[in-house]
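start_16.cif, holding mmCIF, C-alpha atoms and all ligand atoms:
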data_input
loop_
_atom_site.label_atom_id
_atom_site.label_comp_id
_atom_site.auth_asym_id
_atom_site.auth_seq_id
_atom_site.Cartn_x
_atom_site.Cartn_y
_atom_site.Cartn_z
CA MET A 1 9.78 -11.58 -21.44
CA ALA A 2 11.85 -8.93 -19.67
CA GLN A 3 14.43 -10.71 -17.53
CA GLU A 4 15.20 -7.63 -15.54
CA PHE A 5 18.01 -8.72 -13.33
CA GLU A 6 18.97 -11.86 -15.21
CA GLN A 7 22.57 -11.72 -16.35
CA THR A 8 22.92 -15.23 -17.70
CA HIS A 9 20.53 -17.93 -18.80
CA LYS A 10 22.26 -20.44 -16.54
CA ARG A 11 21.04 -20.09 -12.98
CA PRO A 12 23.83 -20.06 -10.40
CA PRO A 13 23.34 -22.20 -7.29
CA TYR A 14 21.06 -20.57 -4.73
CA PRO A 15 23.32 -18.81 -2.20
CA MET A 16 23.04 -20.32 1.29
CA PRO A 17 25.47 -20.30 4.24
CA PRO A 18 26.83 -23.69 5.43
CA PRO A 19 24.41 -25.80 7.54
CA LEU A 20 23.90 -24.29 11.01
CA SER A 21 22.70 -26.26 14.01
CA PHE A 22 19.80 -24.97 16.07
CA PRO A 23 21.37 -23.54 19.28
CA GLU A 24 21.12 -25.82 22.36
CA THR A 25 21.24 -22.96 24.85
CA GLY A 26 20.70 -19.24 24.59
CA LEU A 27 23.47 -16.62 24.32
CA SER A 28 23.70 -13.49 26.42
CA ALA A 29 21.96 -10.44 24.99
CA ALA A 30 25.33 -8.76 24.34
CA ALA A 31 26.74 -11.76 22.46
CA THR A 32 23.53 -12.10 20.48
CA LEU A 33 23.62 -8.46 19.40
CA ASP A 34 27.32 -8.73 18.53
CA GLY A 35 26.39 -11.56 16.19
CA VAL A 36 23.73 -9.43 14.54
CA ARG A 37 26.19 -6.51 14.22
CA GLU A 38 28.88 -8.68 12.71
CA ARG A 39 26.52 -9.95 10.01
CA LEU A 40 25.07 -6.52 9.26
CA SER A 41 28.60 -5.16 8.83
CA GLN A 42 28.88 -7.35 5.72
CA ASP A 43 26.25 -5.27 3.90
CA PRO A 44 28.46 -3.42 1.42
CA TYR A 45 26.83 0.00 1.24
CA ALA A 46 26.08 2.75 3.70
CA VAL A 47 22.37 3.50 3.46
CA GLU A 48 22.89 6.88 1.82
CA ARG A 49 25.14 5.41 -0.86
CA ASN A 50 22.78 2.71 -1.99
CA PHE A 51 20.94 3.73 -5.15
CA GLY A 52 20.44 0.14 -6.14
CA VAL A 53 17.13 -1.13 -4.78
CA SER A 54 13.69 0.37 -5.10
CA TYR A 55 13.71 1.19 -1.46
CA VAL A 56 16.58 1.91 0.83
CA GLY A 57 16.94 4.13 3.80
CA PRO A 58 14.99 5.29 6.76
CA PRO A 59 11.31 6.12 6.46
CA HIS A 60 9.99 9.43 7.83
CA PRO A 61 11.02 9.78 11.52
CA ILE A 62 7.40 9.96 12.74
CA THR A 63 7.04 6.30 11.73
CA GLN A 64 9.29 5.25 14.58
CA GLN A 65 7.28 7.18 17.16
CA ALA A 66 3.99 5.89 15.76
CA ALA A 67 5.40 2.35 15.69
CA GLU A 68 6.34 2.61 19.36
CA LEU A 69 2.76 3.57 20.20
CA ALA A 70 1.46 0.69 18.10
CA ALA A 71 4.00 -1.89 19.30
CA GLY A 72 2.47 -5.33 19.57
CA THR A 73 -0.70 -4.43 17.68
CA PHE A 74 -1.78 -6.12 14.49
CA PHE A 75 -4.57 -6.07 11.99
CA THR A 76 -6.19 -8.91 10.18
CA GLU A 77 -9.45 -8.95 8.27
CA TRP A 78 -11.08 -11.89 9.99
CA ALA A 79 -10.50 -10.58 13.51
CA ARG A 80 -11.02 -6.89 13.00
CA ASP A 81 -13.37 -6.68 15.98
CA MET A 82 -10.43 -7.56 18.19
CA ASN A 83 -8.46 -4.46 17.22
CA PRO A 84 -10.95 -1.84 16.09
CA GLY A 85 -8.50 1.00 16.73
CA THR A 86 -5.72 -0.53 14.64
CA HIS A 87 -8.28 -1.45 12.00
CA ARG A 88 -9.39 2.18 11.93
CA LEU A 89 -5.79 3.36 11.41
CA GLU A 90 -5.47 0.98 8.47
CA LYS A 91 -8.78 1.89 6.86
CA GLU A 92 -8.33 5.63 7.37
CA ALA A 93 -4.90 5.38 5.72
CA VAL A 94 -6.58 3.53 2.83
CA ARG A 95 -9.27 6.21 2.55
CA MET A 96 -6.64 8.98 2.45
CA MET A 97 -4.88 7.19 -0.41
CA ALA A 98 -8.22 6.66 -2.15
CA SER A 99 -8.82 10.42 -2.03
CA LEU A 100 -5.33 11.12 -3.33
CA LEU A 101 -5.88 8.68 -6.20
CA GLY A 102 -9.14 10.09 -7.47
CA HIS A 103 -11.94 8.17 -5.74
CA PRO A 104 -12.57 8.79 -2.02
CA GLU A 105 -15.16 5.97 -1.90
CA ALA A 106 -12.65 3.31 -2.98
CA VAL A 107 -12.14 0.49 -0.48
CA GLY A 108 -9.04 -1.55 0.16
CA PHE A 109 -6.21 -2.83 2.26
CA ILE A 110 -2.73 -2.14 3.45
CA THR A 111 -0.65 -4.99 2.05
CA SER A 112 2.88 -6.22 2.54
CA GLY A 113 3.91 -4.45 -0.68
CA GLY A 114 3.58 -4.39 -4.42
CA THR A 115 3.71 -8.11 -4.98
CA GLU A 116 0.85 -8.84 -2.60
CA SER A 117 -1.19 -5.98 -4.07
CA ASN A 118 -0.72 -7.27 -7.63
CA LEU A 119 -1.56 -10.85 -6.63
CA SER A 120 -4.68 -9.54 -4.88
CA ALA A 121 -5.75 -7.65 -7.99
CA LEU A 122 -5.52 -10.64 -10.30
CA ARG A 123 -7.30 -12.83 -7.77
CA LEU A 124 -10.15 -10.34 -7.58
CA ALA A 125 -10.31 -9.99 -11.37
CA ARG A 126 -10.37 -13.76 -11.81
CA ASN A 127 -13.07 -14.24 -9.18
CA LEU A 128 -15.21 -11.47 -10.65
CA ALA A 129 -14.96 -12.82 -14.20
CA ARG A 130 -15.49 -16.54 -13.41
CA LYS A 131 -14.30 -17.58 -16.87
CA ASP A 132 -12.74 -20.85 -17.95
CA SER A 133 -9.08 -20.65 -19.09
CA PRO A 134 -8.70 -17.04 -17.95
CA GLU A 135 -6.26 -14.74 -19.74
CA VAL A 136 -4.60 -11.46 -18.75
CA ILE A 137 -2.97 -8.88 -21.04
CA MET A 138 -0.15 -6.61 -19.88
CA PRO A 139 2.89 -4.80 -21.32
CA GLU A 140 6.11 -6.82 -21.11
CA SER A 141 7.48 -4.03 -18.90
CA ALA A 142 5.00 -4.87 -16.10
CA HIS A 143 6.41 -6.15 -12.81
CA TYR A 144 7.24 -9.84 -12.54
CA SER A 145 4.78 -10.26 -9.66
CA PHE A 146 2.10 -10.60 -12.37
CA ARG A 147 4.01 -13.60 -13.73
CA VAL A 148 3.97 -15.07 -10.23
CA ALA A 149 0.22 -14.41 -10.05
CA ALA A 150 -0.32 -16.10 -13.41
CA GLU A 151 1.74 -19.08 -12.30
CA LEU A 152 -0.13 -19.42 -8.99
CA MET A 153 -3.62 -18.93 -10.41
CA GLY A 154 -3.21 -20.75 -13.70
CA LEU A 155 -3.78 -17.62 -15.78
CA ARG A 156 -2.52 -17.31 -19.33
CA LEU A 157 -0.48 -14.14 -19.55
CA HIS A 158 -0.11 -12.24 -22.82
CA GLU A 159 2.84 -9.87 -22.70
CA VAL A 160 2.58 -7.01 -25.15
CA PRO A 161 5.95 -6.02 -26.64
CA LEU A 162 7.32 -2.49 -26.40
CA ASP A 163 8.08 -0.15 -29.29
CA GLY A 164 11.41 1.64 -29.82
CA ALA A 165 10.47 4.25 -27.20
CA PHE A 166 9.76 1.49 -24.65
CA ARG A 167 5.98 2.04 -24.85
CA PRO A 168 3.56 -0.91 -25.12
CA ARG A 169 2.29 -1.60 -28.64
CA MET A 170 -1.34 -0.60 -28.01
CA ASP A 171 -2.53 -1.98 -31.36
CA GLN A 172 -1.55 -5.43 -30.06
CA VAL A 173 -3.51 -5.04 -26.81
CA GLU A 174 -6.78 -4.77 -28.67
CA THR A 175 -6.08 -7.74 -30.93
CA LEU A 176 -5.23 -9.93 -27.91
CA ILE A 177 -8.59 -9.30 -26.18
CA ASN A 178 -10.90 -12.30 -26.51
CA GLU A 179 -13.76 -14.01 -24.64
CA ARG A 180 -11.35 -15.56 -22.13
CA THR A 181 -9.74 -12.22 -21.19
CA ILE A 182 -10.38 -11.35 -17.56
CA ALA A 183 -8.14 -8.33 -17.04
CA LEU A 184 -5.83 -5.73 -18.48
CA VAL A 185 -2.84 -4.53 -16.46
CA CYS A 186 -0.66 -1.46 -16.90
CA SER A 187 1.95 0.47 -14.94
CA ALA A 188 2.05 4.03 -13.69
CA PRO A 189 4.97 3.88 -14.20
CA ASP A 190 6.95 0.64 -14.57
CA GLY A 191 9.73 0.02 -12.08
CA SER A 192 12.62 -0.64 -14.47
CA LEU A 193 12.66 2.38 -16.76
CA GLY A 194 10.01 4.42 -14.99
CA GLN A 195 7.87 4.77 -18.14
CA LEU A 196 4.22 5.73 -17.70
CA ASP A 197 1.96 3.45 -19.73
CA PRO A 198 -0.92 5.12 -21.61
CA VAL A 199 -3.36 4.36 -18.78
CA SER A 200 -6.24 6.29 -20.38
CA GLU A 201 -5.97 4.10 -23.50
CA PHE A 202 -6.01 0.98 -21.35
CA ALA A 203 -8.99 2.39 -19.41
CA ALA A 204 -10.90 3.11 -22.63
CA LEU A 205 -10.30 -0.44 -23.87
CA ALA A 206 -11.34 -1.88 -20.49
CA ALA A 207 -14.56 0.16 -20.48
CA GLN A 208 -15.34 -0.72 -24.10
CA HIS A 209 -14.86 -4.47 -23.54
CA GLY A 210 -16.25 -4.62 -19.97
CA LEU A 211 -12.89 -5.73 -18.59
CA TYR A 212 -11.19 -5.29 -15.24
CA LEU A 213 -8.23 -2.89 -15.40
CA HIS A 214 -5.58 -2.94 -12.68
CA VAL A 215 -3.03 -0.12 -12.50
CA ASP A 216 0.32 -0.85 -10.87
CA ALA A 217 1.26 2.55 -9.44
CA ALA A 218 3.91 1.13 -7.08
CA PHE A 219 6.08 4.19 -7.74
CA GLY A 220 3.51 6.63 -9.08
CA GLY A 221 0.82 6.58 -6.40
CA PHE A 222 2.90 8.48 -3.87
CA PHE A 223 4.57 10.67 -6.50
CA LEU A 224 2.61 11.54 -9.63
CA PRO A 225 -0.13 13.48 -7.76
CA PHE A 226 2.55 15.67 -6.17
CA MET A 227 4.38 16.14 -9.48
CA ARG A 228 1.09 17.37 -10.87
CA ASP A 229 0.77 19.81 -7.94
CA LEU A 230 4.24 21.08 -8.84
CA GLY A 231 3.09 21.90 -12.35
CA TYR A 232 4.37 18.85 -14.24
CA ASP A 233 2.15 17.61 -17.02
CA VAL A 234 1.09 14.21 -15.67
CA PRO A 235 -1.50 12.34 -17.76
CA PRO A 236 -4.44 10.76 -15.88
CA PHE A 237 -3.46 7.42 -14.39
CA ASP A 238 -5.80 6.74 -11.46
CA PHE A 239 -9.49 6.31 -10.52
CA SER A 240 -10.24 9.60 -12.29
CA LEU A 241 -10.41 7.32 -15.35
CA PRO A 242 -13.74 5.44 -15.12
CA GLY A 243 -12.22 2.27 -16.67
CA VAL A 244 -9.78 1.75 -13.77
CA SER A 245 -11.05 -1.06 -11.50
CA SER A 246 -8.19 -1.18 -9.00
CA ILE A 247 -4.92 0.55 -8.33
CA MET A 248 -2.03 -0.20 -6.04
CA THR A 249 0.87 1.81 -4.70
CA ASP A 250 3.81 1.19 -2.40
CA GLY A 251 4.46 3.37 0.62
CA HIS A 252 7.97 1.97 0.86
CA LYS A 253 9.08 3.33 -2.51
CA LEU A 254 8.43 7.07 -2.58
CA GLY A 255 5.90 7.34 0.27
CA LEU A 256 8.40 7.55 3.16
CA LEU A 257 6.77 4.51 4.82
CA PRO A 258 8.51 1.47 6.25
CA VAL A 259 9.18 -1.65 4.21
CA ALA A 260 6.71 -3.48 3.75
CA THR A 261 3.72 -1.15 3.33
CA GLY A 262 1.61 -1.33 0.19
CA PHE A 263 -1.90 -0.21 -0.65
CA PHE A 264 -4.41 -2.12 -2.75
CA LEU A 265 -7.46 -0.01 -3.63
CA ILE A 266 -10.67 -1.22 -5.28
CA ARG A 267 -13.13 1.10 -6.97
CA ASP A 268 -16.36 -0.36 -5.64
CA GLU A 269 -17.06 -2.22 -2.42
CA ALA A 270 -19.53 -4.47 -4.27
CA MET A 271 -16.56 -5.99 -6.13
CA LEU A 272 -15.49 -7.62 -2.85
CA GLN A 273 -18.52 -9.91 -3.10
CA ALA A 274 -16.34 -11.97 -5.43
CA ILE A 275 -14.17 -13.01 -2.47
CA PRO A 276 -15.79 -15.98 -0.72
CA THR A 277 -15.89 -14.54 2.79
CA GLU A 278 -17.86 -17.41 4.34
CA THR A 279 -14.99 -19.82 4.02
CA THR A 280 -12.00 -17.65 3.04
CA VAL A 281 -11.98 -14.50 5.08
CA ILE A 282 -8.74 -13.16 3.64
CA HIS A 283 -9.56 -10.50 1.05
CA ASN A 284 -5.98 -9.98 0.04
CA ILE A 285 -3.17 -12.55 0.19
CA THR A 286 -1.53 -12.47 3.61
CA ALA A 287 -3.53 -12.41 6.82
CA THR A 288 -2.03 -10.98 10.02
CA LYS A 289 -0.04 -7.78 9.54
CA PRO A 290 1.84 -5.57 11.99
CA GLY A 291 -0.24 -2.72 13.39
CA ASP A 292 2.79 -0.46 13.44
CA HIS A 293 2.66 -0.33 9.63
CA ALA A 294 -0.89 0.96 9.73
CA ALA A 295 0.05 3.46 12.44
CA ALA A 296 3.12 4.58 10.48
CA ALA A 297 1.14 5.03 7.25
CA TRP A 298 -1.58 7.01 9.00
CA ALA A 299 0.99 9.10 10.90
CA VAL A 300 3.14 10.08 7.90
CA MET A 301 0.13 11.13 5.84
CA GLN A 302 -1.19 13.24 8.71
CA ARG A 303 2.22 14.65 9.60
CA LEU A 304 3.27 15.62 6.07
CA GLY A 305 -0.01 16.24 4.35
CA ARG A 306 -0.10 17.02 0.67
CA ALA A 307 2.19 20.01 1.22
CA GLY A 308 4.89 17.89 2.88
CA TYR A 309 4.82 15.21 0.19
CA ARG A 310 4.88 17.89 -2.50
CA GLU A 311 8.01 19.37 -0.93
CA SER A 312 9.58 15.91 -0.74
CA ALA A 313 8.81 15.38 -4.44
CA ARG A 314 10.28 18.77 -5.33
CA ARG A 315 13.52 17.92 -3.53
CA ILE A 316 13.85 14.46 -5.10
CA LEU A 317 13.25 15.86 -8.58
CA GLU A 318 16.03 18.38 -7.97
CA VAL A 319 18.33 15.52 -7.02
CA VAL A 320 17.26 13.59 -10.14
CA ASP A 321 17.98 16.61 -12.36
CA THR A 322 21.46 16.92 -10.87
CA ILE A 323 22.22 13.24 -11.42
CA VAL A 324 20.82 13.34 -14.96
CA ALA A 325 22.92 16.42 -15.79
CA GLY A 326 25.96 14.64 -14.35
CA ILE A 327 25.37 11.57 -16.53
CA GLU A 328 24.81 13.73 -19.60
CA GLY A 329 28.09 15.47 -18.86
CA ILE A 330 30.04 12.19 -19.12
CA GLU A 331 30.77 11.65 -22.79
CA GLU A 332 30.81 7.85 -22.75
CA LEU A 333 27.40 7.50 -21.06
CA ARG A 334 23.92 7.68 -22.55
CA LEU A 335 20.57 7.93 -20.75
CA VAL A 336 18.26 5.11 -21.79
CA VAL A 337 15.18 7.34 -21.44
CA LYS A 338 14.57 10.76 -19.98
CA PRO A 339 13.35 9.94 -16.48
CA LEU A 340 9.84 10.87 -15.40
CA ILE A 341 10.19 9.65 -11.83
CA PRO A 342 13.27 9.15 -9.63
CA VAL A 343 14.51 6.12 -11.54
CA VAL A 344 17.49 6.81 -13.81
CA ASN A 345 18.86 4.31 -16.34
CA PHE A 346 21.95 4.76 -18.45
CA THR A 347 24.15 2.72 -20.72
CA SER A 348 27.23 3.19 -22.89
CA ASP A 349 27.94 2.53 -26.54
CA VAL A 350 31.70 2.55 -26.02
CA LEU A 351 32.48 1.22 -22.53
CA ASP A 352 31.73 -2.01 -20.72
CA VAL A 353 28.83 -0.93 -18.46
CA GLU A 354 29.37 -3.85 -16.10
CA GLN A 355 32.88 -2.60 -15.36
CA VAL A 356 31.51 0.87 -14.60
CA TYR A 357 29.09 -0.77 -12.17
CA ARG A 358 31.95 -2.65 -10.51
CA GLU A 359 34.06 0.51 -10.20
CA LEU A 360 31.12 2.30 -8.58
CA ARG A 361 30.68 -0.61 -6.20
CA ALA A 362 34.39 -0.56 -5.33
CA ARG A 363 33.92 3.11 -4.38
CA GLY A 364 31.05 2.16 -2.05
CA TRP A 365 28.13 3.24 -4.26
CA GLY A 366 25.28 0.79 -4.83
CA SER A 367 23.39 0.63 -8.11
CA THR A 368 21.64 -2.02 -10.16
CA TYR A 369 23.36 -3.54 -13.16
CA GLY A 370 21.74 -5.90 -15.61
CA ARG A 371 20.60 -6.42 -19.18
CA LEU A 372 17.21 -4.97 -19.93
CA TYR A 373 15.60 -5.34 -23.37
CA ASP A 374 18.93 -6.72 -24.51
CA MET A 375 20.85 -3.67 -23.39
CA PRO A 376 23.34 -3.52 -20.53
CA ARG A 377 22.35 -0.75 -18.19
CA ILE A 378 22.92 0.73 -14.75
CA ARG A 379 19.91 1.89 -12.79
CA PHE A 380 19.77 4.36 -9.93
CA SER A 381 16.68 4.41 -7.75
CA ILE A 382 16.62 7.75 -5.95
CA HIS A 383 14.87 7.99 -2.65
CA PRO A 384 13.24 10.79 -0.72
CA HIS A 385 16.03 11.23 1.81
CA ARG A 386 18.73 11.92 -0.81
CA ASP A 387 19.98 15.48 -1.11
CA LEU A 388 22.01 17.52 -3.58
CA ASP A 389 25.19 16.72 -1.72
CA HIS A 390 24.58 12.99 -2.31
CA ALA A 391 23.82 13.71 -5.93
CA HIS A 392 27.11 15.57 -6.50
CA GLN A 393 29.08 12.87 -4.69
CA LEU A 394 27.43 10.16 -6.76
CA VAL A 395 28.15 11.99 -10.02
CA ALA A 396 31.78 12.48 -9.00
CA ALA A 397 32.11 8.77 -8.16
CA LEU A 398 30.51 7.90 -11.51
CA ALA A 399 32.91 10.17 -13.42
CA ASP A 400 35.82 8.57 -11.56
CA SER A 401 34.53 5.09 -12.32
CA VAL A 402 34.13 5.85 -16.01
CA ALA A 403 37.65 7.33 -16.11
CA ALA A 404 39.03 4.12 -14.53
CA VAL A 405 37.29 1.92 -17.11
CA ARG A 406 38.32 4.24 -19.96
CA LYS A 407 41.96 3.97 -18.88
CA ARG A 408 41.84 0.17 -19.09
CA SER A 409 39.96 0.06 -22.42
C1 LIG B 1 6.19 -1.39 -10.65
C2 LIG B 1 6.38 -2.34 -9.50
N1 LIG B 1 5.34 -3.11 -9.10
C3 LIG B 1 5.47 -3.97 -8.07
C4 LIG B 1 6.64 -4.10 -7.38
C5 LIG B 1 6.76 -5.10 -6.25
O1 LIG B 1 6.86 -4.46 -5.04
P1 LIG B 1 7.35 -5.21 -3.71
O2 LIG B 1 8.83 -5.39 -3.86
O3 LIG B 1 6.95 -4.26 -2.63
O4 LIG B 1 6.62 -6.50 -3.63
C6 LIG B 1 7.76 -3.32 -7.77
C7 LIG B 1 9.04 -3.45 -7.05
O5 LIG B 1 10.01 -2.80 -7.29
C8 LIG B 1 7.62 -2.42 -8.86
O6 LIG B 1 8.66 -1.68 -9.28
#

Let me see whether you can do it: turn the structure in this file into structure tokens.
Amino acid sequence: MAQEFEQTHKRPPYPMPPPLSFPETGLSAAATLDGVRERLSQDPYAVERNFGVSYVGPPHPITQQAAELAAGTFFTEWARDMNPGTHRLEKEAVRMMASLLGHPEAVGFITSGGTESNLSALRLARNLARKDSPEVIMPESAHYSFRVAAELMGLRLHEVPLDGAFRPRMDQVETLINERTIALVCSAPDGSLGQLDPVSEFAALAAQHGLYLHVDAAFGGFFLPFMRDLGYDVPPFDFSLPGVSSIMTDGHKLGLLPVATGFFLIRDEAMLQAIPTETTVIHNITATKPGDHAAAAWAVMQRLGRAGYRESARRILEVVDTIVAGIEGIEELRLVVKPLIPVVNFTSDVLDVEQVYRELRARGWGSTYGRLYDMPRIRFSIHPHRDLDHAHQLVAALADSVAAVRKRS
């Protein structure tokens, strides 16, 4: 099992501040805001220097204006008649994503993000299959939200190991399929290394065995279609493959949408019959969601259009190329894989990678450090608002950090 951010097998105590009494009386607004400011000042990185999490930084500016218009609105499945306008914003945003991802008739939901979308997918697959002792098969590189889903729903999860090129061993997928299998899962691409699974092979197996296939396109949904527009050779990964039952993507990764905005899309409305709406009117996992997220999603898609997202993708890929060239120019560093999407991983065969991470941190640059597939590595997640200037500054800080570690070694 990939323990992505696990650095030791012994869990440290869960970090909590000392006990804090519930205030007896209220503070002034100024004192309250000072308290908020003081705590926020402890966040170590300026937004533009944080390459460490799969989303940082401001969404597209239109989101703020749309959110102001939608302030106080909400959407929830069971009370959609109460807010038909907000509901329409949500469903039109879903339909636009469905068109982008190869099937305009797909139905679905805005979710709170990738985890909720993945939980929703396995719930739907389980309800559709109605099998005893249900089993799911996925590459070990799939996101850990599927492990949460398995834990919550009592599913047996088979994790297919990766080969030397970090691709799932497809021969093993087929041998693991049995009469208890309810779903296959794959990533387009995975969040750690950014590797695109062979979705068409998964789709062919799903079609052949009559299985549900869910594609986790958390990163890819808002990116791969635009890469394709730019002339990159992107294999099919979406509803254009008949074996794909559902697909999800996150607006808050590369879609310029606010945290937490995900999309869960289902090929055929009839599949929703598997959700018991008489007694459980929540088709996904959480119920009431902020209307400003639906408004923001709708607004950014309308404001940017395909052309705007394509331009955003072109700029990010330029930034990625600059960072990759910078890493390749530092003798002690080695890329783990050639990046497809704006996720860059590198390691070193001669230096302590953790020390490089710490030096970068000391210079105010955020990244992710951890052991992945038994290899220490640093990961940069590069976001749409980065520019070439950031890229050059990051590379310079990285070269400096490596030089500092080299000197001590
Ligand atoms: C491939 C993939 N799927 C799902 C998720 C979960 O998304 P969220 O953090 O929005 O729940 C992530 C998060 O990084 C991811 O990389």

Inset, instruction - Please identify the residues whose atoms come within 7 Å of ligand LIG 1 (chain B), using all atoms listed in the file, and report them as a PyMOL selection string. - result: chain A and resi 54+112-116+142-143+145+187+189-192+216-219+250+260+262

Inset, instruction - Could you jot down the CA of Val136 in chain A to CA of Val185 in chain A separation for me, Å, one decimal place? - result: 7.5 Å

At a cut-off of 9 Å from (-8.8, -8.1, 10.5) in the coordinates of the file, what residues are picked up using all atoms listed in the file, written as a CSV table (one decimal) with C-alpha atoms, keeping the file's coordinate frame?
chain,number,residue,atom,x,y,z
A,74,PHE,CA,-1.8,-6.1,14.5
A,75,PHE,CA,-4.6,-6.1,12.0
A,76,THR,CA,-6.2,-8.9,10.2
A,77,GLU,CA,-9.4,-9.0,8.3
A,78,TRP,CA,-11.1,-11.9,10.0
A,79,ALA,CA,-10.5,-10.6,13.5
A,80,ARG,CA,-11.0,-6.9,13.0
A,81,ASP,CA,-13.4,-6.7,16.0
A,82,MET,CA,-10.4,-7.6,18.2
A,83,ASN,CA,-8.5,-4.5,17.2
A,84,PRO,CA,-11.0,-1.8,16.1
A,87,HIS,CA,-8.3,-1.4,12.0
A,281,VAL,CA,-12.0,-14.5,5.1
A,282,ILE,CA,-8.7,-13.2,3.6
A,287,ALA,CA,-3.5,-12.4,6.8
A,288,THR,CA,-2.0,-11.0,10.0
A,289,LYS,CA,0.0,-7.8,9.5

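Of the listed residues (A:Leu211, A:Ile177, A:Leu101, A:Ile316), A:Ile316 comes nearest to Asp387 in chain A; the distances count all atoms listed in the file.
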
Inset, instruction - May I ask for the distance between CA of Gly326 in chain A and CA of Leu254 in chain A, given in Å to one decimal place? - result: 22.4 Å

Inset, instruction - Give me, please, the distance in Å between CA of Arg11 in chain A and CA of Gly366 in chain A, quoted to one decimal. - result: 22.8 Å

Inset, instruction - Determine, counting all atoms listed in the file, which protein, DNA and RNA residues have an atom within 8 Å of an atom of Leu272 in chain A; residues of the same chain fewer than 3 positions away are not included. Present the result as a list in words. - result: Leu124, Asp268, Glu269, Ile275 and His283 of chain A

Proximity check range 288-398 of chain A to range 146-166 of chain A, 10 Å, nearest pairs one decimal Å, all atoms listed in the file, as JSON lines:
{"residue": "A:Val336", "atom": "CA", "partner": "A:Ala165", "partner_atom": "CA", "distance": 9.5}
{"residue": "A:Val337", "atom": "CA", "partner": "A:Ala165", "partner_atom": "CA", "distance": 8.1}
{"residue": "A:Tyr373", "atom": "CA", "partner": "A:Phe166", "partner_atom": "CA", "distance": 9.1}

Inset, instruction - For each of A:Thr277, A:Asn50, A:Thr181, A:Ser141, take the minimum atom-to-atom distance to Gln195 in chain A, counting all atoms listed in the file, then give the residue where this is smallest. - result: A:Ser141

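The smallest atom-to-atom distance between Gly329 in chain A and any of A:Leu119, A:Leu265, A:Ala29, A:Ala396, using only C-alpha atoms, is found for A:Ala396.
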
Legend entry - Neighbour residues at most 6 Å from (-1.3, 8.4, -5.7) (only C-alpha atoms) as a list of chain:residue names: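 Within the cut-off we find A:Leu100, A:Leu101, A:Gly221, A:Phe222, A:Pro225.
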
Written selection (C-alpha atoms) as a JSON list (two decimals), keeping the file's coordinate frame:
[["chain", "number", "residue", "atom", "x", "y", "z"],
["A", 100, "LEU", "CA", -5.33, 11.12, -3.33],
["A", 101, "LEU", "CA", -5.88, 8.68, -6.20],
["A", 221, "GLY", "CA", 0.82, 6.58, -6.40],
["A", 222, "PHE", "CA", 2.90, 8.48, -3.87],
["A", 225, "PRO", "CA", -0.13, 13.48, -7.76]]

Contacts of range 267-319 of chain A with range 231-236 of chain A up to 12 Å, shortest pair per row, only C-alpha atoms, as a tab-separated table:
residue	atom	partner	partner_atom	distance
A:Arg310	CA	A:Gly231	CA	10.8
A:Ala313	CA	A:Tyr232	CA	11.3
A:Arg314	CA	A:Gly231	CA	10.5
A:Leu317	CA	A:Tyr232	CA	10.9

Inset, instruction - Name the closest residue to Ile323 in chain A among the candidates A:Thr249, A:Phe51, A:Ala204, A:Glu179; distances are taken between atoms, counting only C-alpha atoms. - result: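 Checking each of A:Thr249, A:Phe51, A:Ala204, A:Glu179 against Ile323 in chain A, counting only C-alpha atoms, the winner is A:Phe51.
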
Legend entry - From A:Ala125, A:Ala30, A:Pro44, A:Val353, residue lying nearest Met271 in chain A [only C-alpha atoms]: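 Residue with the minimum atom-to-atom distance to Met271 in chain A: A:Ala125.
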
Inset, instruction - Would you mind listing what lies within 8 Å of Glu105 in chain A as a PyMOL selection string, with all atoms listed in the file counted and same-chain residues fewer than 5 positions away left out? - result: chain A and resi 95+98-99+267-268

Legend entry - Minimum-distance residue to Ser133 in chain A, chosen among A:Ile182, A:Val36, A:Ala274, A:Met248 (using only C-alpha atoms):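 Looking at the shortest contact to Ser133 in chain A, the residue is A:Ile182.
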